[in-house]
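So this block is query01.txt, compact mmCIF, C-alpha atoms:
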# COMPACT_ATOMS: atom_id res chain seq x y z
CA MET N 1 -38.76 -65.67 -59.32
CA LEU N 2 -36.00 -67.94 -60.69
CA ILE N 3 -34.15 -67.10 -63.90
CA VAL N 4 -31.45 -69.14 -65.66
CA CYS N 5 -28.61 -67.75 -67.82
CA PRO N 6 -29.04 -69.15 -71.37
CA SER N 7 -25.26 -69.24 -71.82
CA CYS N 8 -23.78 -70.84 -68.69
CA ALA N 9 -26.93 -72.05 -66.87
CA ALA N 10 -26.19 -69.98 -63.78
CA GLU N 11 -29.36 -69.55 -61.72
CA TYR N 12 -30.54 -66.36 -60.04
CA ARG N 13 -33.47 -65.62 -57.77
CA LEU N 14 -35.09 -62.18 -58.10
CA ASP N 15 -37.96 -60.23 -56.77
CA PRO N 16 -40.59 -60.11 -59.61
CA GLU N 17 -41.23 -56.45 -58.81
CA ARG N 18 -37.72 -55.67 -60.17
CA ILE N 19 -38.69 -57.09 -63.57
CA GLY N 20 -41.71 -54.89 -64.00
CA PRO N 21 -44.78 -55.50 -66.19
CA GLY N 22 -42.86 -54.90 -69.44
CA GLY N 23 -39.88 -57.19 -68.69
CA ARG N 24 -36.25 -56.17 -68.37
CA LYS N 25 -32.81 -56.93 -69.76
CA VAL N 26 -30.34 -58.49 -67.32
CA ARG N 27 -26.68 -59.60 -67.44
CA CYS N 28 -25.13 -62.76 -65.98
CA ALA N 29 -22.52 -62.05 -63.32
CA ALA N 30 -20.71 -65.31 -64.14
CA CYS N 31 -20.26 -65.13 -67.94
CA ARG N 32 -21.45 -61.54 -68.69
CA GLU N 33 -24.15 -62.81 -71.06
CA SER N 34 -27.15 -60.42 -71.48
CA TRP N 35 -30.71 -61.54 -72.15
CA PHE N 36 -34.28 -60.27 -71.83
CA VAL N 37 -36.49 -61.47 -68.99
CA ALA N 38 -40.23 -61.16 -69.54
CA ALA N 39 -42.64 -60.16 -66.78
CA PRO N 40 -43.98 -63.16 -64.85
CA ALA N 41 -47.53 -64.27 -65.69
CA ALA N 42 -50.22 -63.87 -63.05
CA ALA N 43 -50.06 -67.04 -61.05
CA ALA N 44 -49.46 -68.25 -57.65
CA PRO N 45 -47.29 -65.83 -55.79
CA GLU N 46 -43.56 -66.51 -55.96
CA VAL N 47 -41.75 -67.45 -52.82
CA LEU N 48 -39.39 -64.61 -52.10
CA SER N 49 -35.83 -65.10 -50.94
CA PRO N 50 -35.61 -65.63 -47.23
CA PRO N 51 -34.14 -62.84 -45.19
CA GLY N 52 -30.41 -62.61 -45.58
CA GLU N 53 -30.26 -64.39 -48.99
CA ALA N 54 -28.52 -62.45 -51.71
CA VAL N 55 -30.74 -60.93 -54.43
CA PHE N 56 -30.18 -58.58 -57.36
CA THR N 57 -28.74 -55.29 -56.29
CA ALA N 58 -28.64 -54.10 -59.91
CA ILE N 59 -30.37 -55.57 -62.94
CA ASP N 60 -27.18 -55.44 -65.04
CA ALA N 61 -25.06 -57.12 -62.35
CA PRO N 62 -27.03 -59.94 -60.72
CA VAL N 63 -25.60 -61.93 -57.87
CA PRO N 64 -25.73 -65.70 -58.61
CA VAL N 65 -27.53 -68.00 -56.21
CA THR N 66 -26.12 -71.18 -57.87
CA ALA N 67 -23.52 -71.37 -60.60
CA LYS N 68 -23.38 -74.70 -62.43
CA ARG N 69 -20.41 -73.78 -64.57
CA ALA N 70 -17.33 -75.73 -63.51
CA ALA N 71 -14.67 -73.71 -61.78
CA ALA N 72 -11.72 -72.95 -64.00
CA ARG N 73 -8.72 -75.16 -63.35
CA PRO N 74 -5.60 -73.33 -62.24
CA ARG N 75 -2.95 -73.16 -64.94
CA ARG N 76 0.24 -75.00 -64.21
CA ALA N 77 3.33 -72.85 -64.16
CA GLN N 78 5.55 -73.65 -67.12
CA PRO N 79 9.21 -74.33 -66.20
CA ASN N 80 11.77 -71.81 -67.39
CA LEU N 81 13.86 -73.85 -69.83
CA THR N 82 16.73 -71.37 -69.67
CA LEU N 83 16.99 -71.71 -65.90
CA VAL N 84 16.73 -75.49 -66.13
CA ALA N 85 19.52 -75.64 -68.72
CA ALA N 86 21.68 -73.30 -66.65
CA GLY N 87 21.15 -75.46 -63.56
CA LEU N 88 22.13 -78.60 -65.43
CA CYS N 89 25.28 -76.93 -66.75
CA LEU N 90 26.26 -75.84 -63.24
CA CYS N 91 25.75 -79.38 -61.96
CA LEU N 92 27.91 -80.81 -64.73
CA VAL N 93 30.68 -78.26 -64.11
CA ALA N 94 30.63 -78.97 -60.37
CA ALA N 95 30.80 -82.71 -60.99
CA ALA N 96 33.69 -82.26 -63.44
CA LEU N 97 35.62 -80.23 -60.86
CA LEU N 98 34.96 -82.47 -57.88
CA ALA N 99 35.65 -85.70 -59.75
CA ARG N 100 38.49 -84.47 -61.94
CA ALA N 101 40.98 -87.00 -60.57
CA GLY N 102 38.73 -89.87 -61.62
CA ILE N 103 38.06 -88.26 -64.99
CA VAL N 104 41.78 -87.81 -65.71
CA ARG N 105 42.46 -91.39 -64.57
CA ALA N 106 39.88 -92.66 -67.07
CA LEU N 107 40.65 -90.11 -69.81
CA PRO N 108 44.30 -88.98 -69.53
CA GLN N 109 43.92 -86.49 -72.36
CA THR N 110 41.65 -84.34 -70.18
CA ALA N 111 44.60 -83.49 -67.91
CA ARG N 112 45.67 -80.80 -70.36
CA LEU N 113 42.21 -79.23 -70.28
CA TYR N 114 42.25 -78.98 -66.49
CA ALA N 115 45.78 -77.58 -66.56
CA ALA N 116 44.72 -74.96 -69.12
CA VAL N 117 42.09 -73.57 -66.72
CA GLY N 118 44.46 -73.54 -63.75
CA LEU N 119 43.29 -76.81 -62.17
CA PRO N 120 46.10 -79.28 -62.83
CA VAL N 121 45.55 -82.88 -61.74
CA ASN N 122 48.50 -84.75 -60.24
CA LEU N 123 47.58 -88.42 -59.92
CA ARG N 124 51.10 -89.53 -59.02
CA GLY N 125 51.37 -87.16 -56.05
CA LEU N 126 54.88 -85.99 -57.06
CA ALA N 127 56.10 -82.84 -58.73
CA PHE N 128 59.30 -81.13 -59.90
CA ARG N 129 60.69 -77.90 -58.49
CA ASP N 130 63.62 -75.59 -59.32
CA VAL N 131 64.81 -77.57 -62.35
CA VAL N 132 67.92 -76.11 -64.05
CA ALA N 133 70.11 -77.28 -66.92
CA PHE N 134 73.63 -76.13 -67.75
CA GLN N 135 76.66 -77.27 -69.66
CA VAL N 136 79.99 -78.06 -68.03
CA PRO N 137 83.01 -77.87 -70.32
CA ALA N 138 85.37 -80.85 -70.17
CA GLU N 139 89.12 -80.53 -70.41
CA GLY N 140 90.47 -81.51 -73.80
CA THR N 141 87.02 -81.83 -75.46
CA ARG N 142 84.66 -79.44 -77.20
CA GLU N 143 81.37 -80.98 -76.14
CA GLY N 144 81.67 -81.18 -72.34
CA ARG N 145 78.62 -82.54 -70.57
CA LEU N 146 75.04 -81.46 -69.88
CA VAL N 147 73.93 -81.36 -66.24
CA VAL N 148 70.27 -81.26 -65.17
CA GLU N 149 69.38 -80.70 -61.53
CA GLY N 150 66.19 -80.14 -59.57
CA ASP N 151 63.98 -81.30 -56.73
CA VAL N 152 61.34 -84.00 -56.68
CA VAL N 153 58.73 -82.95 -54.11
CA SER N 154 55.79 -84.79 -52.57
CA ALA N 155 52.33 -83.41 -53.37
CA ALA N 156 50.39 -86.14 -51.55
CA GLY N 157 49.24 -86.74 -48.00
CA GLU N 158 50.80 -90.20 -47.81
CA PRO N 159 54.15 -91.79 -48.75
CA ARG N 160 54.65 -92.14 -52.50
CA PRO N 161 57.24 -94.20 -54.45
CA VAL N 162 59.51 -92.25 -56.77
CA PRO N 163 60.00 -93.81 -60.23
CA PRO N 164 63.06 -93.26 -62.46
CA LEU N 165 63.30 -89.97 -64.34
CA ALA N 166 63.02 -89.67 -68.11
CA LEU N 167 64.78 -86.75 -69.80
CA GLU N 168 64.52 -85.37 -73.33
CA LEU N 169 66.85 -82.92 -75.03
CA ARG N 170 65.02 -80.81 -77.61
CA ASP N 171 66.05 -78.31 -80.26
CA GLU N 172 64.69 -74.79 -80.87
CA ALA N 173 61.69 -76.20 -82.77
CA GLY N 174 60.78 -78.53 -79.89
CA GLN N 175 61.92 -81.67 -81.68
CA VAL N 176 63.55 -84.40 -79.59
CA VAL N 177 67.23 -84.87 -80.38
CA TYR N 178 68.14 -87.22 -77.51
CA ARG N 179 66.46 -89.21 -74.73
CA TRP N 180 67.88 -90.84 -71.62
CA THR N 181 66.85 -91.96 -68.12
CA THR N 182 68.33 -91.66 -64.67
CA GLU N 183 67.65 -93.26 -61.31
CA ALA N 184 65.27 -91.65 -58.81
CA PRO N 185 67.00 -89.62 -56.10
CA ARG N 186 65.10 -91.63 -53.46
CA ALA N 187 62.92 -94.72 -53.53
CA GLN N 188 60.06 -93.07 -51.60
CA LEU N 189 59.02 -89.62 -50.42
CA GLU N 190 57.08 -88.87 -47.26
CA PRO N 191 54.36 -86.16 -47.24
CA GLU N 192 55.85 -82.66 -47.76
CA ASP N 193 59.27 -84.25 -48.34
CA SER N 194 61.66 -83.56 -51.26
CA ALA N 195 64.81 -85.01 -52.80
CA ARG N 196 67.44 -83.41 -55.06
CA PHE N 197 68.22 -85.18 -58.34
CA ARG N 198 71.14 -84.77 -60.77
CA ALA N 199 71.35 -86.19 -64.29
CA GLU N 200 74.29 -85.84 -66.67
CA LEU N 201 74.72 -86.37 -70.40
CA ALA N 202 78.20 -86.57 -71.86
CA ALA N 203 78.79 -84.91 -75.23
CA PRO N 204 75.22 -83.64 -75.71
CA PRO N 205 74.08 -82.86 -79.28
CA ALA N 206 74.88 -79.30 -80.28
CA ARG N 207 71.30 -78.68 -81.41
CA GLY N 208 69.93 -79.17 -77.90
CA ARG N 209 68.33 -76.08 -76.37
CA GLN N 210 65.82 -77.34 -73.80
CA VAL N 211 65.52 -80.28 -71.44
CA LEU N 212 62.17 -81.86 -70.54
CA VAL N 213 62.06 -83.90 -67.32
CA ARG N 214 59.26 -86.28 -66.34
CA PHE N 215 58.73 -89.61 -64.58
CA ALA N 216 59.58 -92.65 -66.64
CA ALA N 217 57.09 -95.26 -67.85
CA VAL N 218 54.09 -92.98 -67.24
CA ASP N 219 51.91 -91.17 -69.73
CA THR N 220 52.92 -87.53 -70.08
CA ALA N 221 49.32 -86.43 -69.43
CA LYS N 222 49.48 -88.00 -65.96
CA SER N 223 53.05 -87.01 -64.99
CA PRO N 224 54.39 -83.68 -63.78
CA VAL N 225 56.72 -82.29 -66.45
CA SER N 226 59.44 -79.68 -66.12
CA VAL N 227 61.39 -77.97 -68.89
CA ALA N 228 64.74 -76.29 -68.38
CA ASP N 229 66.91 -74.24 -70.71
CA ALA N 230 69.94 -76.37 -71.60
CA SER N 231 72.12 -73.40 -72.41
CA LYS N 232 71.22 -70.93 -69.68
CA SER N 233 74.43 -71.10 -67.69
CA ASP N 234 77.95 -72.55 -67.61
CA GLU N 235 80.11 -73.61 -64.76

Re-express the file's structure as structure tokens.
Amino acid sequence: MLIVCPSCAAEYRLDPERIGPGGRKVRCAACRESWFVAAPAAAAPEVLSPPGEAVFTAIDAPVPVTAKRAAARPRRAQPNLTLVAAGLCLCLVAAALLARAGIVRALPQTARLYAAVGLPVNLRGLAFRDVVAFQVPAEGTREGRLVVEGDVVSAAGEPRPVPPLALELRDEAGQVVYRWTTEAPRAQLEPEDSARFRAELAAPPARGRQVLVRFAAVDTAKSPVSVADASKSDE
């Protein structure tokens, strides 16, 4: 005997003897729909399931012979937007670190940001070291002269030209009171090489308290800068 679920059209084949003369209520194993199955009318005998074919083992849990309902499509996993955003941020940070020289070359103002996080960018390949400033009294005058000394060191893996040095004398508030330039201690530095420079200013302004040293004709954001106390020592 063949019965069909009225809800999902799943088909089941049963032995009519399980229905009984008064009919019986059954439940679909596919969609769990319940319905009443009447006893079969006297007619030609039903062809029973061949040996080995699945039949009802319980009226309330039939085993389907054919299920016409379409199989449910697997749900696609939704991406975790938080993880995606975090991954993009990490990629951007890595790119900003690896390409920081190019970024500073295109946007000089970003040099201060890299320096603030401990990743200074030195495009020129030169730096200052051990810069000191002191005043030397002169005989017969009150002003004397200001002397600034230090080393220019190579921070590159290839020879680099050394430009002239630009110096600024500043007061306690950081305001510039005097500017001057001096020649480079050497025209070129080899890798890991250094050269000592000395700059003097006769009769420096009395308001001067600090000296800022950098390379001339280059944006401050791209040039190593060193500041020395102009009144730290006397000869």

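Taking atom CA of N:Val162 and atom CA of N:Ser194 as the two end points, the separation is 10.5 Å.
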
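The two atoms in question, atom CA of N:Ile103 and atom CA of N:Arg124, are spaced 14.4 Å apart.
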
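Residues lying within 10 Å of N:Gly174, counting all atoms listed in the file and ignoring same-chain neighbours fewer than 6 positions away, are Gly208, Arg209, Gln210 and Val211 of chain N.
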
Residues near N:Ala195, cut-off 8 Å, all atoms listed in the file, skip fewer than 4 positions along chain, as a PyMOL selection string: chain N and resi 151-153+185-186+189

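Coordinates place atom CA of N:Phe215 at a distance of 13.7 Å from atom CA of N:Val131.
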
Residue nearest N:Glu11 among N:Thr181, N:Ala30, N:Lys25, N:Ala127 (counting all atoms listed in the file): N:Ala30

Minimum-distance residue to N:Leu169, chosen among N:Asp130, N:Glu149, N:Asp229, N:Glu183 (using only C-alpha atoms): N:Asp229

Given only C-alpha atoms as the counted atoms, nearest of N:Ser226, N:Pro159, N:Leu212, N:Pro205 to N:Asp193: N:Pro159

Shell around N:Ala133 at 6 Å using only C-alpha atoms, local window under 4 positions removed, as an MDAnalysis selection string: chainID N and resid 147:148 228:230

For those residues, write C-alpha atoms to a file as a PDB file, keeping the file's coordinate frame.
ATOM      1  CA  VAL N 147      73.930 -81.360 -66.240  1.00  0.00           C
ATOM      2  CA  VAL N 148      70.270 -81.260 -65.170  1.00  0.00           C
ATOM      3  CA  ALA N 228      64.740 -76.290 -68.380  1.00  0.00           C
ATOM      4  CA  ASP N 229      66.910 -74.240 -70.710  1.00  0.00           C
ATOM      5  CA  ALA N 230      69.940 -76.370 -71.600  1.00  0.00           C
TER       6      ALA N 230
END

Please complete stretch 12-40 of chain N so it has N, CA and C atoms, and hand it over as a PDB file, in the frame of the given file.
ATOM      1  N   TYR N  12     -30.404 -67.534 -60.901  1.00  0.00           N
ATOM      2  CA  TYR N  12     -30.540 -66.360 -60.040  1.00  0.00           C
ATOM      3  C   TYR N  12     -31.987 -66.279 -59.553  1.00  0.00           C
ATOM      4  N   ARG N  13     -32.139 -65.818 -58.333  1.00  0.00           N
ATOM      5  CA  ARG N  13     -33.470 -65.620 -57.770  1.00  0.00           C
ATOM      6  C   ARG N  13     -33.693 -64.132 -57.567  1.00  0.00           C
ATOM      7  N   LEU N  14     -34.807 -63.597 -58.194  1.00  0.00           N
ATOM      8  CA  LEU N  14     -35.090 -62.180 -58.100  1.00  0.00           C
ATOM      9  C   LEU N  14     -36.495 -61.920 -57.555  1.00  0.00           C
ATOM     10  N   ASP N  15     -36.631 -60.714 -57.151  1.00  0.00           N
ATOM     11  CA  ASP N  15     -37.960 -60.230 -56.770  1.00  0.00           C
ATOM     12  C   ASP N  15     -38.692 -59.862 -58.061  1.00  0.00           C
ATOM     13  N   PRO N  16     -39.885 -60.419 -58.346  1.00  0.00           N
ATOM     14  CA  PRO N  16     -40.590 -60.110 -59.610  1.00  0.00           C
ATOM     15  C   PRO N  16     -40.856 -58.619 -59.780  1.00  0.00           C
ATOM     16  N   GLU N  17     -40.968 -57.885 -58.693  1.00  0.00           N
ATOM     17  CA  GLU N  17     -41.230 -56.450 -58.810  1.00  0.00           C
ATOM     18  C   GLU N  17     -40.111 -55.736 -59.529  1.00  0.00           C
ATOM     19  N   ARG N  18     -38.851 -56.320 -59.497  1.00  0.00           N
ATOM     20  CA  ARG N  18     -37.720 -55.670 -60.170  1.00  0.00           C
ATOM     21  C   ARG N  18     -37.789 -55.858 -61.688  1.00  0.00           C
ATOM     22  N   ILE N  19     -38.565 -56.867 -62.127  1.00  0.00           N
ATOM     23  CA  ILE N  19     -38.690 -57.090 -63.570  1.00  0.00           C
ATOM     24  C   ILE N  19     -39.644 -56.096 -64.187  1.00  0.00           C
ATOM     25  N   GLY N  20     -40.724 -55.831 -63.476  1.00  0.00           N
ATOM     26  CA  GLY N  20     -41.710 -54.890 -64.000  1.00  0.00           C
ATOM     27  C   GLY N  20     -42.659 -55.550 -64.979  1.00  0.00           C
ATOM     28  N   PRO N  21     -43.775 -54.892 -65.298  1.00  0.00           N
ATOM     29  CA  PRO N  21     -44.780 -55.500 -66.190  1.00  0.00           C
ATOM     30  C   PRO N  21     -44.288 -55.644 -67.619  1.00  0.00           C
ATOM     31  N   GLY N  22     -43.321 -54.826 -68.045  1.00  0.00           N
ATOM     32  CA  GLY N  22     -42.860 -54.900 -69.440  1.00  0.00           C
ATOM     33  C   GLY N  22     -41.611 -55.752 -69.627  1.00  0.00           C
ATOM     34  N   GLY N  23     -41.104 -56.402 -68.566  1.00  0.00           N
ATOM     35  CA  GLY N  23     -39.880 -57.190 -68.690  1.00  0.00           C
ATOM     36  C   GLY N  23     -38.631 -56.304 -68.574  1.00  0.00           C
ATOM     37  N   ARG N  24     -37.490 -56.941 -68.522  1.00  0.00           N
ATOM     38  CA  ARG N  24     -36.250 -56.170 -68.370  1.00  0.00           C
ATOM     39  C   ARG N  24     -35.038 -56.986 -68.833  1.00  0.00           C
ATOM     40  N   LYS N  25     -34.053 -56.270 -69.319  1.00  0.00           N
ATOM     41  CA  LYS N  25     -32.810 -56.930 -69.760  1.00  0.00           C
ATOM     42  C   LYS N  25     -31.852 -57.054 -68.564  1.00  0.00           C
ATOM     43  N   VAL N  26     -31.275 -58.246 -68.423  1.00  0.00           N
ATOM     44  CA  VAL N  26     -30.340 -58.490 -67.320  1.00  0.00           C
ATOM     45  C   VAL N  26     -29.027 -59.055 -67.875  1.00  0.00           C
ATOM     46  N   ARG N  27     -28.004 -59.085 -67.043  1.00  0.00           N
ATOM     47  CA  ARG N  27     -26.680 -59.600 -67.440  1.00  0.00           C
ATOM     48  C   ARG N  27     -26.182 -60.587 -66.387  1.00  0.00           C
ATOM     49  N   CYS N  28     -25.640 -61.711 -66.872  1.00  0.00           N
ATOM     50  CA  CYS N  28     -25.130 -62.760 -65.980  1.00  0.00           C
ATOM     51  C   CYS N  28     -23.826 -62.307 -65.331  1.00  0.00           C
ATOM     52  N   ALA N  29     -23.747 -62.442 -64.018  1.00  0.00           N
ATOM     53  CA  ALA N  29     -22.520 -62.050 -63.320  1.00  0.00           C
ATOM     54  C   ALA N  29     -21.397 -63.054 -63.535  1.00  0.00           C
ATOM     55  N   ALA N  30     -21.722 -64.273 -63.969  1.00  0.00           N
ATOM     56  CA  ALA N  30     -20.710 -65.310 -64.140  1.00  0.00           C
ATOM     57  C   ALA N  30     -20.035 -65.209 -65.502  1.00  0.00           C
ATOM     58  N   CYS N  31     -20.842 -65.120 -66.590  1.00  0.00           N
ATOM     59  CA  CYS N  31     -20.260 -65.130 -67.940  1.00  0.00           C
ATOM     60  C   CYS N  31     -20.499 -63.830 -68.692  1.00  0.00           C
ATOM     61  N   ARG N  32     -21.186 -62.851 -68.111  1.00  0.00           N
ATOM     62  CA  ARG N  32     -21.450 -61.540 -68.690  1.00  0.00           C
ATOM     63  C   ARG N  32     -22.418 -61.601 -69.886  1.00  0.00           C
ATOM     64  N   GLU N  33     -23.145 -62.685 -69.997  1.00  0.00           N
ATOM     65  CA  GLU N  33     -24.150 -62.810 -71.060  1.00  0.00           C
ATOM     66  C   GLU N  33     -25.369 -61.952 -70.701  1.00  0.00           C
ATOM     67  N   SER N  34     -25.934 -61.248 -71.688  1.00  0.00           N
ATOM     68  CA  SER N  34     -27.150 -60.420 -71.480  1.00  0.00           C
ATOM     69  C   SER N  34     -28.346 -61.087 -72.168  1.00  0.00           C
ATOM     70  N   TRP N  35     -29.486 -61.024 -71.522  1.00  0.00           N
ATOM     71  CA  TRP N  35     -30.710 -61.540 -72.150  1.00  0.00           C
ATOM     72  C   TRP N  35     -31.916 -60.830 -71.548  1.00  0.00           C
ATOM     73  N   PHE N  36     -33.068 -60.971 -72.244  1.00  0.00           N
ATOM     74  CA  PHE N  36     -34.280 -60.270 -71.830  1.00  0.00           C
ATOM     75  C   PHE N  36     -35.134 -61.214 -70.994  1.00  0.00           C
ATOM     76  N   VAL N  37     -35.613 -60.710 -69.877  1.00  0.00           N
ATOM     77  CA  VAL N  37     -36.490 -61.470 -68.990  1.00  0.00           C
ATOM     78  C   VAL N  37     -37.882 -60.853 -69.043  1.00  0.00           C
ATOM     79  N   ALA N  38     -38.851 -61.657 -69.453  1.00  0.00           N
ATOM     80  CA  ALA N  38     -40.230 -61.160 -69.540  1.00  0.00           C
ATOM     81  C   ALA N  38     -40.862 -61.099 -68.163  1.00  0.00           C
ATOM     82  N   ALA N  39     -41.927 -60.285 -68.051  1.00  0.00           N
ATOM     83  CA  ALA N  39     -42.640 -60.160 -66.780  1.00  0.00           C
ATOM     84  C   ALA N  39     -43.313 -61.491 -66.458  1.00  0.00           C
ATOM     85  N   PRO N  40     -43.355 -61.888 -65.213  1.00  0.00           N
ATOM     86  CA  PRO N  40     -43.980 -63.160 -64.850  1.00  0.00           C
ATOM     87  C   PRO N  40     -45.498 -63.095 -65.042  1.00  0.00           C
TER      88      PRO N  40
END
